[in-house]
Amino acid sequence: MLSGMVKEEEKEALRTDLIGLAAEYAPISIIGSGGNINKLFRLADKKDKKASLLPVESLREIYEALQALPAEQRIKQYKLKPDVIVPAAEIFLEVAMNVKATGIIVPTIGLSDGIIDSLYTQKMNTPVAPKVQ
């Protein structure tokens, strides 16, 4: 997206798929994972920390504020590493709008940590068979 390599027909295909999913599975909740959504969540003024919920309207406000700044200023002011936050926010907004989500759940645990936690929980809840001698 940063270099303009995403074709409009690819974006349109994604929109079509998302709208189809929303029609079939409504209501849809979005779960965001990774550094970009975590940073956007931290930057949001209006959020539900307890529920780890970032309202789409709050995300839109952050997106517009960030987009209005030159890249160098965004990086410095918000302590960003690479400046991919604006396209990331754009993707989250696009998905949310097309599935008619009102918010994005932003768990405090990352995807890989969540998988490990899930596997550990499954293992701990599985009875251990006695060894046959």
# chains A, B, ... in the order shown; residues from 1 in each chain; ligands from 1
$ residues_around --residues "segment 24-41 of chain A" --least-positions-apart "4" --cutoff "9 Å" --atoms "only C-alpha atoms" --output "mmCIF file with N, CA, C and O atoms, in the first residue's frame"
data_model
loop_
_atom_site.group_PDB
_atom_site.id
_atom_site.type_symbol
_atom_site.label_atom_id
_atom_site.label_comp_id
_atom_site.auth_asym_id
_atom_site.auth_seq_id
_atom_site.Cartn_x
_atom_site.Cartn_y
_atom_site.Cartn_z
ATOM 1 N N ILE A 19 -18.265 -7.893 2.411
ATOM 2 C CA ILE A 19 -19.705 -7.616 2.406
ATOM 3 C C ILE A 19 -20.489 -8.928 2.394
ATOM 4 O O ILE A 19 -21.480 -9.080 3.102
ATOM 5 N N GLY A 20 -20.002 -9.909 1.633
ATOM 6 C CA GLY A 20 -20.639 -11.229 1.604
ATOM 7 C C GLY A 20 -20.577 -11.917 2.955
ATOM 8 O O GLY A 20 -21.570 -12.495 3.416
ATOM 9 N N ASP A 45 -8.207 8.145 22.298
ATOM 10 C CA ASP A 45 -8.756 8.809 23.488
ATOM 11 C C ASP A 45 -9.988 8.061 23.978
ATOM 12 O O ASP A 45 -10.169 7.866 25.170
ATOM 13 N N LYS A 47 -11.845 4.759 24.220
ATOM 14 C CA LYS A 47 -11.714 3.312 24.115
ATOM 15 C C LYS A 47 -12.216 2.704 25.411
ATOM 16 O O LYS A 47 -12.352 3.383 26.424
ATOM 17 N N SER A 52 -11.094 -4.077 26.192
ATOM 18 C CA SER A 52 -10.092 -4.028 25.112
ATOM 19 C C SER A 52 -10.758 -3.718 23.776
ATOM 20 O O SER A 52 -10.455 -4.330 22.755
ATOM 21 N N LEU A 53 -11.665 -2.749 23.784
ATOM 22 C CA LEU A 53 -12.436 -2.418 22.582
ATOM 23 C C LEU A 53 -12.094 -1.024 22.073
ATOM 24 O O LEU A 53 -12.144 -0.048 22.817
ATOM 25 N N LEU A 54 -11.728 -0.974 20.805
ATOM 26 C CA LEU A 54 -11.454 0.286 20.118
ATOM 27 C C LEU A 54 -12.632 0.592 19.202
ATOM 28 O O LEU A 54 -12.832 -0.101 18.197
ATOM 29 N N LEU A 59 -11.083 5.061 16.024
ATOM 30 C CA LEU A 59 -10.030 4.710 15.075
ATOM 31 C C LEU A 59 -10.016 5.694 13.907
ATOM 32 O O LEU A 59 -8.956 6.124 13.459
ATOM 33 N N ILE A 62 -8.269 8.919 14.958
ATOM 34 C CA ILE A 62 -6.811 8.740 15.008
ATOM 35 C C ILE A 62 -6.244 8.727 13.590
ATOM 36 O O ILE A 62 -5.248 9.383 13.303
ATOM 37 N N TYR A 63 -6.895 7.973 12.708
ATOM 38 C CA TYR A 63 -6.457 7.873 11.321
ATOM 39 C C TYR A 63 -6.389 9.259 10.677
ATOM 40 O O TYR A 63 -5.383 9.607 10.047
ATOM 41 N N LEU A 80 7.034 6.199 16.305
ATOM 42 C CA LEU A 80 6.782 5.068 15.410
ATOM 43 C C LEU A 80 8.106 4.559 14.875
ATOM 44 O O LEU A 80 9.030 5.337 14.662
ATOM 45 N N VAL A 84 4.160 2.773 9.007
ATOM 46 C CA VAL A 84 3.124 2.002 8.320
ATOM 47 C C VAL A 84 1.777 2.130 9.034
ATOM 48 O O VAL A 84 0.819 1.451 8.683
ATOM 49 N N ILE A 85 1.702 3.018 10.001
ATOM 50 C CA ILE A 85 0.508 3.132 10.835
ATOM 51 C C ILE A 85 -0.706 3.637 10.048
ATOM 52 O O ILE A 85 -1.824 3.171 10.271
ATOM 53 N N ALA A 88 -2.076 0.842 7.845
ATOM 54 C CA ALA A 88 -2.648 -0.168 8.740
ATOM 55 C C ALA A 88 -4.017 0.288 9.239
ATOM 56 O O ALA A 88 -4.983 -0.482 9.225
ATOM 57 N N ALA A 89 -4.117 1.538 9.661
ATOM 58 C CA ALA A 89 -5.402 2.082 10.124
ATOM 59 C C ALA A 89 -6.419 2.054 8.989
ATOM 60 O O ALA A 89 -7.598 1.739 9.208
ATOM 61 N N PHE A 92 -7.763 -1.525 8.679
ATOM 62 C CA PHE A 92 -8.706 -1.828 9.758
ATOM 63 C C PHE A 92 -10.034 -1.110 9.545
ATOM 64 O O PHE A 92 -11.105 -1.688 9.745
ATOM 65 N N VAL A 95 -11.996 -2.809 6.612
ATOM 66 C CA VAL A 95 -12.616 -4.063 7.038
ATOM 67 C C VAL A 95 -13.827 -3.770 7.927
ATOM 68 O O VAL A 95 -14.915 -4.309 7.709
ATOM 69 N N ALA A 96 -13.642 -2.901 8.906
ATOM 70 C CA ALA A 96 -14.724 -2.577 9.844
ATOM 71 C C ALA A 96 -15.946 -2.005 9.123
ATOM 72 O O ALA A 96 -17.082 -2.402 9.406
ATOM 73 N N VAL A 99 -17.833 -4.775 7.024
ATOM 74 C CA VAL A 99 -18.558 -5.801 7.785
ATOM 75 C C VAL A 99 -19.512 -5.170 8.794
ATOM 76 O O VAL A 99 -20.161 -5.867 9.557
ATOM 77 N N LYS A 100 -19.563 -3.825 8.780
ATOM 78 C CA LYS A 100 -20.453 -3.053 9.654
ATOM 79 C C LYS A 100 -20.160 -3.299 11.139
ATOM 80 O O LYS A 100 -21.070 -3.367 11.964
ATOM 81 N N ALA A 101 -18.876 -3.407 11.464
ATOM 82 C CA ALA A 101 -18.467 -3.554 12.861
ATOM 83 C C ALA A 101 -18.442 -2.179 13.516
ATOM 84 O O ALA A 101 -18.156 -1.175 12.861
ATOM 85 N N THR A 102 -18.756 -2.126 14.785
ATOM 86 C CA THR A 102 -18.727 -0.853 15.504
ATOM 87 C C THR A 102 -17.448 -0.683 16.304
ATOM 88 O O THR A 102 -17.156 0.412 16.780
ATOM 89 N N GLY A 103 -16.697 -1.775 16.456
ATOM 90 C CA GLY A 103 -15.458 -1.697 17.216
ATOM 91 C C GLY A 103 -14.529 -2.836 16.874
ATOM 92 O O GLY A 103 -14.916 -3.796 16.196
ATOM 93 N N ILE A 104 -13.309 -2.705 17.347
ATOM 94 C CA ILE A 104 -12.295 -3.735 17.142
ATOM 95 C C ILE A 104 -11.797 -4.161 18.512
ATOM 96 O O ILE A 104 -11.392 -3.325 19.321
ATOM 97 N N ILE A 105 -11.843 -5.460 18.764
ATOM 98 C CA ILE A 105 -11.317 -5.997 20.015
ATOM 99 C C ILE A 105 -9.803 -6.085 19.858
ATOM 100 O O ILE A 105 -9.302 -6.645 18.881
ATOM 101 N N VAL A 106 -9.093 -5.499 20.825
ATOM 102 C CA VAL A 106 -7.628 -5.482 20.779
ATOM 103 C C VAL A 106 -7.106 -6.183 22.032
ATOM 104 O O VAL A 106 -6.910 -5.552 23.068
ATOM 105 N N PRO A 107 -6.906 -7.499 21.951
ATOM 106 C CA PRO A 107 -6.433 -8.218 23.138
ATOM 107 C C PRO A 107 -5.015 -7.797 23.506
ATOM 108 O O PRO A 107 -4.243 -7.345 22.662
ATOM 109 N N THR A 108 -4.693 -7.939 24.782
ATOM 110 C CA THR A 108 -3.352 -7.549 25.231
ATOM 111 C C THR A 108 -2.328 -8.626 24.925
ATOM 112 O O THR A 108 -1.141 -8.437 25.143
ATOM 113 N N ILE A 109 -2.773 -9.743 24.409
ATOM 114 C CA ILE A 109 -1.872 -10.848 24.091
ATOM 115 C C ILE A 109 -1.742 -10.952 22.575
ATOM 116 O O ILE A 109 -2.715 -10.760 21.854
ATOM 117 N N GLY A 110 -0.535 -11.220 22.109
ATOM 118 C CA GLY A 110 -0.302 -11.354 20.683
ATOM 119 C C GLY A 110 -0.778 -12.698 20.160
ATOM 120 O O GLY A 110 -1.092 -13.612 20.924
ATOM 121 N N LEU A 111 -0.819 -12.837 18.846
ATOM 122 C CA LEU A 111 -1.317 -14.053 18.214
ATOM 123 C C LEU A 111 -0.505 -15.284 18.609
ATOM 124 O O LEU A 111 -1.052 -16.294 19.038
#
$ atom_distance --atom1 "atom CA of Gly4 of chain A" --atom2 "atom CA of Leu69 of chain A"
19.1 Å
$ atom_distance --atom1 "atom CA of Tyr78 of chain A" --atom2 "atom CA of Ser58 of chain A"
16.7 Å
$ atom_distance --atom1 "atom CA of Met5 of chain A" --atom2 "atom CA of Leu21 of chain A"
25.5 Å
$ select_by_dssp --residues "segment 42-99 of chain A" --states "alpha helix (DSSP H)" --output "ChimeraX atom specification"
/A:42-43,56-67,71-78,85-99
$ write_last_selection --atoms "N, CA and C atoms" --output "JSON list (two decimals), in the first residue's frame"
[["chain", "number", "residue", "atom", "x", "y", "z"],
["A", 42, "ARG", "N", -3.51, 2.32, 21.85],
["A", 42, "ARG", "CA", -2.88, 3.18, 22.87],
["A", 42, "ARG", "C", -3.08, 4.66, 22.57],
["A", 43, "LEU", "N", -3.11, 5.02, 21.28],
["A", 43, "LEU", "CA", -3.27, 6.42, 20.90],
["A", 43, "LEU", "C", -4.71, 6.92, 21.05],
["A", 56, "VAL", "N", -14.77, 2.02, 16.26],
["A", 56, "VAL", "CA", -14.38, 2.37, 14.89],
["A", 56, "VAL", "C", -14.32, 3.89, 14.73],
["A", 57, "GLU", "N", -15.24, 4.60, 15.35],
["A", 57, "GLU", "CA", -15.24, 6.06, 15.23],
["A", 57, "GLU", "C", -13.97, 6.66, 15.84],
["A", 58, "SER", "N", -13.50, 6.09, 16.93],
["A", 58, "SER", "CA", -12.26, 6.55, 17.55],
["A", 58, "SER", "C", -11.06, 6.24, 16.65],
["A", 59, "LEU", "N", -11.08, 5.06, 16.02],
["A", 59, "LEU", "CA", -10.03, 4.71, 15.07],
["A", 59, "LEU", "C", -10.02, 5.69, 13.91],
["A", 60, "ARG", "N", -11.19, 6.07, 13.43],
["A", 60, "ARG", "CA", -11.29, 7.03, 12.32],
["A", 60, "ARG", "C", -10.67, 8.38, 12.72],
["A", 61, "GLU", "N", -10.90, 8.82, 13.95],
["A", 61, "GLU", "CA", -10.33, 10.09, 14.43],
["A", 61, "GLU", "C", -8.80, 10.02, 14.46],
["A", 62, "ILE", "N", -8.27, 8.92, 14.96],
["A", 62, "ILE", "CA", -6.81, 8.74, 15.01],
["A", 62, "ILE", "C", -6.24, 8.73, 13.59],
["A", 63, "TYR", "N", -6.90, 7.97, 12.71],
["A", 63, "TYR", "CA", -6.46, 7.87, 11.32],
["A", 63, "TYR", "C", -6.39, 9.26, 10.68],
["A", 64, "GLU", "N", -7.44, 10.04, 10.83],
["A", 64, "GLU", "CA", -7.46, 11.37, 10.22],
["A", 64, "GLU", "C", -6.38, 12.28, 10.80],
["A", 65, "ALA", "N", -6.15, 12.18, 12.12],
["A", 65, "ALA", "CA", -5.12, 13.00, 12.75],
["A", 65, "ALA", "C", -3.73, 12.60, 12.25],
["A", 66, "LEU", "N", -3.48, 11.30, 12.15],
["A", 66, "LEU", "CA", -2.18, 10.82, 11.70],
["A", 66, "LEU", "C", -1.95, 11.13, 10.22],
["A", 67, "GLN", "N", -2.99, 10.95, 9.42],
["A", 67, "GLN", "CA", -2.87, 11.16, 7.98],
["A", 67, "GLN", "C", -2.57, 12.64, 7.67],
["A", 71, "ALA", "N", 4.99, 12.34, 7.25],
["A", 71, "ALA", "CA", 5.51, 11.08, 7.78],
["A", 71, "ALA", "C", 6.58, 11.30, 8.85],
["A", 72, "GLU", "N", 7.51, 12.21, 8.61],
["A", 72, "GLU", "CA", 8.60, 12.46, 9.56],
["A", 72, "GLU", "C", 8.06, 12.92, 10.91],
["A", 73, "GLN", "N", 7.03, 13.76, 10.88],
["A", 73, "GLN", "CA", 6.43, 14.27, 12.11],
["A", 73, "GLN", "C", 5.69, 13.15, 12.85],
["A", 74, "ARG", "N", 4.98, 12.29, 12.10],
["A", 74, "ARG", "CA", 4.28, 11.15, 12.72],
["A", 74, "ARG", "C", 5.26, 10.26, 13.46],
["A", 75, "ILE", "N", 6.37, 9.95, 12.79],
["A", 75, "ILE", "CA", 7.38, 9.06, 13.36],
["A", 75, "ILE", "C", 7.93, 9.65, 14.65],
["A", 76, "LYS", "N", 8.26, 10.92, 14.61],
["A", 76, "LYS", "CA", 8.86, 11.58, 15.77],
["A", 76, "LYS", "C", 7.84, 11.78, 16.89],
["A", 77, "GLN", "N", 6.70, 12.34, 16.56],
["A", 77, "GLN", "CA", 5.69, 12.70, 17.55],
["A", 77, "GLN", "C", 5.10, 11.48, 18.25],
["A", 78, "TYR", "N", 4.88, 10.40, 17.51],
["A", 78, "TYR", "CA", 4.22, 9.23, 18.08],
["A", 78, "TYR", "C", 5.17, 8.06, 18.31],
["A", 85, "ILE", "N", 1.70, 3.02, 10.00],
["A", 85, "ILE", "CA", 0.51, 3.13, 10.83],
["A", 85, "ILE", "C", -0.71, 3.64, 10.05],
["A", 86, "VAL", "N", -0.50, 4.55, 9.11],
["A", 86, "VAL", "CA", -1.63, 5.09, 8.35],
["A", 86, "VAL", "C", -2.24, 4.02, 7.44],
["A", 87, "PRO", "N", -1.45, 3.29, 6.64],
["A", 87, "PRO", "CA", -2.06, 2.23, 5.84],
["A", 87, "PRO", "C", -2.69, 1.13, 6.70],
["A", 88, "ALA", "N", -2.08, 0.84, 7.85],
["A", 88, "ALA", "CA", -2.65, -0.17, 8.74],
["A", 88, "ALA", "C", -4.02, 0.29, 9.24],
["A", 89, "ALA", "N", -4.12, 1.54, 9.66],
["A", 89, "ALA", "CA", -5.40, 2.08, 10.12],
["A", 89, "ALA", "C", -6.42, 2.05, 8.99],
["A", 90, "GLU", "N", -5.97, 2.36, 7.79],
["A", 90, "GLU", "CA", -6.83, 2.33, 6.61],
["A", 90, "GLU", "C", -7.42, 0.93, 6.38],
["A", 91, "ILE", "N", -6.59, -0.09, 6.54],
["A", 91, "ILE", "CA", -7.04, -1.47, 6.35],
["A", 91, "ILE", "C", -8.06, -1.84, 7.42],
["A", 92, "PHE", "N", -7.76, -1.52, 8.68],
["A", 92, "PHE", "CA", -8.71, -1.83, 9.76],
["A", 92, "PHE", "C", -10.03, -1.11, 9.54],
["A", 93, "LEU", "N", -9.98, 0.16, 9.12],
["A", 93, "LEU", "CA", -11.21, 0.91, 8.86],
["A", 93, "LEU", "C", -11.99, 0.30, 7.70],
["A", 94, "GLU", "N", -11.29, -0.07, 6.65],
["A", 94, "GLU", "CA", -11.95, -0.66, 5.48],
["A", 94, "GLU", "C", -12.68, -1.95, 5.85],
["A", 95, "VAL", "N", -12.00, -2.81, 6.61],
["A", 95, "VAL", "CA", -12.62, -4.06, 7.04],
["A", 95, "VAL", "C", -13.83, -3.77, 7.93],
["A", 96, "ALA", "N", -13.64, -2.90, 8.91],
["A", 96, "ALA", "CA", -14.72, -2.58, 9.84],
["A", 96, "ALA", "C", -15.95, -2.00, 9.12],
["A", 97, "MET", "N", -15.73, -1.11, 8.19],
["A", 97, "MET", "CA", -16.85, -0.50, 7.47],
["A", 97, "MET", "C", -17.60, -1.53, 6.63],
["A", 98, "ASN", "N", -16.85, -2.40, 5.97],
["A", 98, "ASN", "CA", -17.49, -3.36, 5.07],
["A", 98, "ASN", "C", -18.24, -4.47, 5.80],
["A", 99, "VAL", "N", -17.83, -4.78, 7.02],
["A", 99, "VAL", "CA", -18.56, -5.80, 7.79],
["A", 99, "VAL", "C", -19.51, -5.17, 8.79]]
